[in-house]
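Novice: input_20.tsv is the file, holding TSV, C-alpha atoms:
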chain	number	residue	atom	x	y	z
A	184	ILE	CA	-96.87	-18.40	-47.07
A	185	ASN	CA	-95.43	-16.53	-44.09
A	186	GLN	CA	-96.88	-13.02	-44.22
A	187	GLY	CA	-95.63	-12.04	-40.78
A	188	THR	CA	-92.35	-10.53	-39.61
A	189	ASN	CA	-89.01	-12.04	-38.65
A	190	LEU	CA	-90.16	-12.07	-35.03
A	191	SER	CA	-93.81	-13.05	-35.43
A	192	SER	CA	-94.97	-15.47	-38.12
A	193	LEU	CA	-98.36	-15.18	-39.74
A	194	TRP	CA	-98.97	-18.24	-41.89
A	195	VAL	CA	-101.57	-18.02	-44.64
A	196	GLN	CA	-102.51	-21.12	-46.61
A	197	VAL	CA	-102.58	-20.47	-50.35
A	198	ASP	CA	-103.76	-22.98	-52.94
A	199	PRO	CA	-101.48	-22.44	-55.96
A	200	SER	CA	-104.10	-23.95	-58.27
A	201	ALA	CA	-106.77	-21.41	-57.22
A	202	SER	CA	-107.35	-18.51	-59.58
A	203	THR	CA	-107.56	-16.15	-56.59
A	204	ALA	CA	-104.09	-16.96	-55.22
A	205	ARG	CA	-102.69	-13.71	-56.65
A	206	GLU	CA	-105.83	-11.59	-56.70
A	207	THR	CA	-108.62	-10.66	-54.32
A	208	THR	CA	-111.87	-8.87	-55.18
A	209	VAL	CA	-113.17	-6.39	-52.61
A	210	THR	CA	-116.60	-4.74	-52.70
A	211	ALA	CA	-116.71	-2.90	-49.34
A	212	ALA	CA	-114.48	-0.84	-47.04
A	213	LEU	CA	-111.11	-2.46	-46.37
A	214	SER	CA	-109.49	-1.94	-42.96
A	215	ALA	CA	-105.75	-1.75	-42.31
A	216	ALA	CA	-105.84	-5.11	-40.48
A	217	ALA	CA	-107.60	-6.85	-43.38
A	218	LEU	CA	-105.35	-5.22	-45.97
A	219	LYS	CA	-102.20	-6.31	-44.16
A	220	LEU	CA	-103.11	-9.94	-44.93
A	221	LEU	CA	-103.26	-9.20	-48.68
A	222	THR	CA	-99.72	-7.94	-49.25
A	223	GLY	CA	-98.32	-8.93	-52.63
A	224	LYS	CA	-101.75	-9.50	-54.16
A	225	THR	CA	-103.67	-7.55	-56.75
A	226	ILE	CA	-106.72	-6.14	-55.00
A	227	ASN	CA	-109.62	-5.68	-57.39
A	228	LEU	CA	-111.78	-2.82	-56.07
A	229	ASN	CA	-115.30	-3.49	-57.39
A	230	ASN	CA	-118.00	-1.11	-56.23
A	231	ALA	CA	-119.39	1.78	-58.29
A	232	ALA	CA	-120.44	3.60	-55.10
A	233	GLY	CA	-116.82	3.60	-53.92
A	234	PHE	CA	-115.54	3.01	-50.39
A	235	ALA	CA	-112.51	3.67	-48.19
A	236	VAL	CA	-109.35	1.56	-48.09
A	237	THR	CA	-107.17	2.22	-45.03
A	238	LEU	CA	-103.49	1.35	-45.36
A	239	PRO	CA	-101.66	-0.34	-42.47
A	240	ALA	CA	-99.04	1.71	-40.60
A	241	ALA	CA	-95.97	2.34	-42.76
A	242	THR	CA	-92.95	0.81	-41.04
A	243	GLY	CA	-90.60	0.00	-43.92
A	244	SER	CA	-91.92	-3.58	-44.12
A	245	GLY	CA	-91.83	-3.71	-47.92
A	246	ASN	CA	-95.52	-4.65	-48.03
A	247	TYR	CA	-96.82	-4.09	-51.55
A	248	TYR	CA	-100.36	-3.63	-52.82
A	249	ARG	CA	-101.69	-3.21	-56.36
A	250	PHE	CA	-105.18	-1.73	-56.42
A	251	PHE	CA	-107.02	-2.42	-59.67
A	252	ILE	CA	-110.28	-0.59	-60.35
A	253	GLY	CA	-112.59	-3.30	-61.68
A	254	THR	CA	-115.76	-1.18	-61.78
A	255	THR	CA	-115.86	2.52	-62.67
A	256	VAL	CA	-116.62	4.68	-59.64
A	257	THR	CA	-119.84	6.62	-60.29
A	258	SER	CA	-120.66	8.40	-57.05
A	259	VAL	CA	-119.04	9.30	-53.72
A	260	GLY	CA	-115.51	8.19	-54.60
A	261	MET	CA	-112.92	5.57	-53.81
A	262	THR	CA	-110.34	6.67	-51.23
A	263	ILE	CA	-107.04	5.13	-50.21
A	264	VAL	CA	-105.94	6.59	-46.88
A	265	ALA	CA	-102.50	6.45	-45.26
A	266	THR	CA	-103.34	7.21	-41.63
A	267	GLY	CA	-100.32	8.58	-39.78
A	268	ALA	CA	-98.10	8.34	-42.87
A	269	TYR	CA	-97.41	10.17	-46.12
A	270	LEU	CA	-97.71	9.15	-49.76
A	271	TYR	CA	-94.78	9.96	-52.05
A	272	GLY	CA	-94.77	9.34	-55.79
A	273	ASN	CA	-96.76	9.93	-58.95
A	274	ILE	CA	-100.05	9.11	-60.60
A	275	VAL	CA	-100.28	9.67	-64.35
A	276	GLN	CA	-103.71	10.48	-65.78
A	277	ALA	CA	-104.54	9.88	-69.44
A	278	GLY	CA	-107.34	11.98	-70.89
A	279	ALA	CA	-109.72	11.10	-73.72
A	280	SER	CA	-107.64	13.21	-76.14
A	281	GLY	CA	-104.54	11.16	-75.30
A	282	ALA	CA	-102.96	14.00	-73.32
A	283	ALA	CA	-101.37	12.91	-70.03
A	284	THR	CA	-101.02	14.74	-66.72
A	285	ALA	CA	-98.69	13.58	-63.96
A	286	TRP	CA	-99.56	14.41	-60.35
A	287	THR	CA	-96.99	14.22	-57.57
A	288	ALA	CA	-97.90	13.60	-53.96
A	289	ALA	CA	-96.44	16.54	-52.09
A	290	PRO	CA	-96.62	14.72	-49.51
A	291	SER	CA	-100.22	13.64	-49.15
A	292	THR	CA	-102.22	11.25	-46.98
A	293	THR	CA	-105.17	10.40	-49.26
A	294	ILE	CA	-105.82	9.33	-52.84
A	295	THR	CA	-109.36	9.98	-54.08
A	296	LEU	CA	-110.66	8.45	-57.31
A	297	ASN	CA	-114.02	9.94	-58.39
A	298	GLY	CA	-114.76	8.20	-61.70
A	299	SER	CA	-114.04	11.29	-63.81
A	300	THR	CA	-111.51	14.11	-63.23
A	301	LYS	CA	-109.41	12.22	-60.61
A	302	GLY	CA	-109.47	8.77	-62.20
A	303	GLY	CA	-111.34	5.75	-60.94
A	304	LEU	CA	-112.39	4.29	-64.28
A	305	ALA	CA	-112.38	0.52	-64.81
A	306	GLY	CA	-108.85	-0.57	-65.65
A	307	ASP	CA	-107.04	2.06	-63.54
A	308	PHE	CA	-104.41	0.89	-61.08
A	309	ILE	CA	-102.49	2.26	-58.10
A	310	ASP	CA	-99.38	0.54	-56.68
A	311	LEU	CA	-98.35	1.25	-53.09
A	312	GLU	CA	-95.26	0.03	-51.24
A	313	ASP	CA	-94.33	0.50	-47.57
A	314	VAL	CA	-90.80	1.87	-48.03
A	315	ALA	CA	-89.96	3.45	-44.64
A	316	ALA	CA	-91.46	4.52	-41.34
A	317	ASN	CA	-94.45	6.76	-42.17
A	318	GLN	CA	-93.76	6.62	-45.94
A	319	TRP	CA	-95.63	4.92	-48.77
A	320	SER	CA	-94.33	4.92	-52.35
A	321	VAL	CA	-97.06	5.50	-54.96
A	322	ARG	CA	-97.16	4.68	-58.67
A	323	GLY	CA	-100.34	4.72	-60.69
A	324	LEU	CA	-102.00	5.08	-64.05
A	325	THR	CA	-105.57	6.31	-64.36
A	326	ALA	CA	-107.89	7.38	-67.15
A	327	ILE	CA	-109.99	10.52	-66.76
A	328	THR	CA	-112.94	12.30	-68.27
A	329	GLY	CA	-113.15	16.08	-68.15
A	330	THR	CA	-110.40	18.39	-66.86
A	331	ALA	CA	-107.62	16.67	-64.92
A	332	ALA	CA	-107.61	17.22	-61.14
A	333	THR	CA	-105.12	15.90	-58.61
A	334	PRO	CA	-106.18	12.70	-56.84
A	335	PHE	CA	-103.86	13.57	-53.91
A	336	SER	CA	-104.92	15.45	-50.78
Once more with this new file: its structure as structure tokens, please.
Specialist:
Amino acid sequence: INQGTNLSSLWVQVDPSASTARETTVTAALSAAALKLLTGKTINLNNAAGFAVTLPAATGSGNYYRFFIGTTVTSVGMTIVATGAYLYGNIVQAGASGAATAWTAAPSTTITLNGSTKGGLAGDFIDLEDVAANQWSVRGLTAITGTAATPFS
């Protein structure tokens, strides 16, 4: 698969029979350079202690990432950071009572999932797409415990 640009190819060999061809599990901090190679894949974030994910520069490339929380965050927090860019979009939080709260990035640079009031429970997901220079589109659905708090900052 060519994961590069029109001017510079970046070929990545993918085995279509492998169960990981569409999904990658990550248990430690993920840099922008490493993340860039995973566009179009579901990225399973699996670490209860949480860690930082740094997005590549937003250029309008169309790069798409689905972050799936595989393990509930129980301490510091899981952050997704758009360095030098802004996040635009919504994350909907569903509470234990079934009530939902929608948060809009206004614009923001960071999403923090804390395992309770900001989401970060196993099964949550956040979709991000590089839509324009310095702009990421955000869509997400998270479960919460306690009183809803915005995951955007």
Novice: List every residue of stretch 263-315 of chain A that has an atom at most 10 Å from any atom of stretch 227-230 of chain A, and for each one report the closest atom pair and its distance in Å to one decimal, counting all atoms listed in the file, with rows sorted by chain and then by increasing residue number, as CSV.
Specialist:
residue,atom,partner,partner_atom,distance
A:Gly303,CA,A:Leu228,CA,9.9
A:Ala305,CA,A:Asn229,CA,8.9
A:Gly306,CA,A:Asn227,CA,9.7
A:Phe308,CA,A:Asn227,CA,9.2
Novice: Choose the residue, out of A:Ala265, A:Ile327, A:Leu221, A:Val321, that has the smallest atom-to-atom separation from A:Thr293; count all atoms listed in the file.
Specialist: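 Nearest to A:Thr293: A:Ala265.
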Novice: When you count all atoms listed in the file, which of these residues is closest to A:Asn246: A:Ser214, A:Ser320, A:Thr207, A:Gln276?
Specialist: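 Among the listed residues, A:Ser320 lies closest to A:Asn246.
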Novice: Contacts of A:Ala215 at 6 Å or less, counting all atoms listed in the file, minus same-chain residues fewer than 3 places along, as a list in words?
Specialist: Leu218, Thr237, Leu238 and Pro239 of chain A
Novice: Might you pull out every residue within 12 Å of A:Val209, with only C-alpha atoms counted and same-chain residues fewer than 6 positions away left off, and present them as a list in words?
Specialist: Thr203, Ala217, Leu218, Leu221, Lys224, Thr225, Ile226, Asn227, Leu228, Asn229, Asn230, Ala231, Gly233, Phe234, Ala235, Val236, Phe250, Phe251, Ile252, Gly253 and Thr254 of chain A
Novice: Pick from A:Ala316, A:Ile274, A:Ala282, A:Leu311: nearest to A:Phe335, with all atoms listed in the file counted?
Specialist: A:Ile274
Novice: Choose the residue, out of A:Thr295, A:Asp307, A:Asn317, A:Gly323, that has the smallest atom-to-atom separation from A:Ile263; count only C-alpha atoms.
Specialist: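 Selected residue with least distance to A:Ile263: A:Thr295.
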Novice: Calculate how many Å separate atom CA of A:Ala332 from atom CA of A:Glu206, rounding to one decimal.
Specialist: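 It comes out at 29.2 Å.
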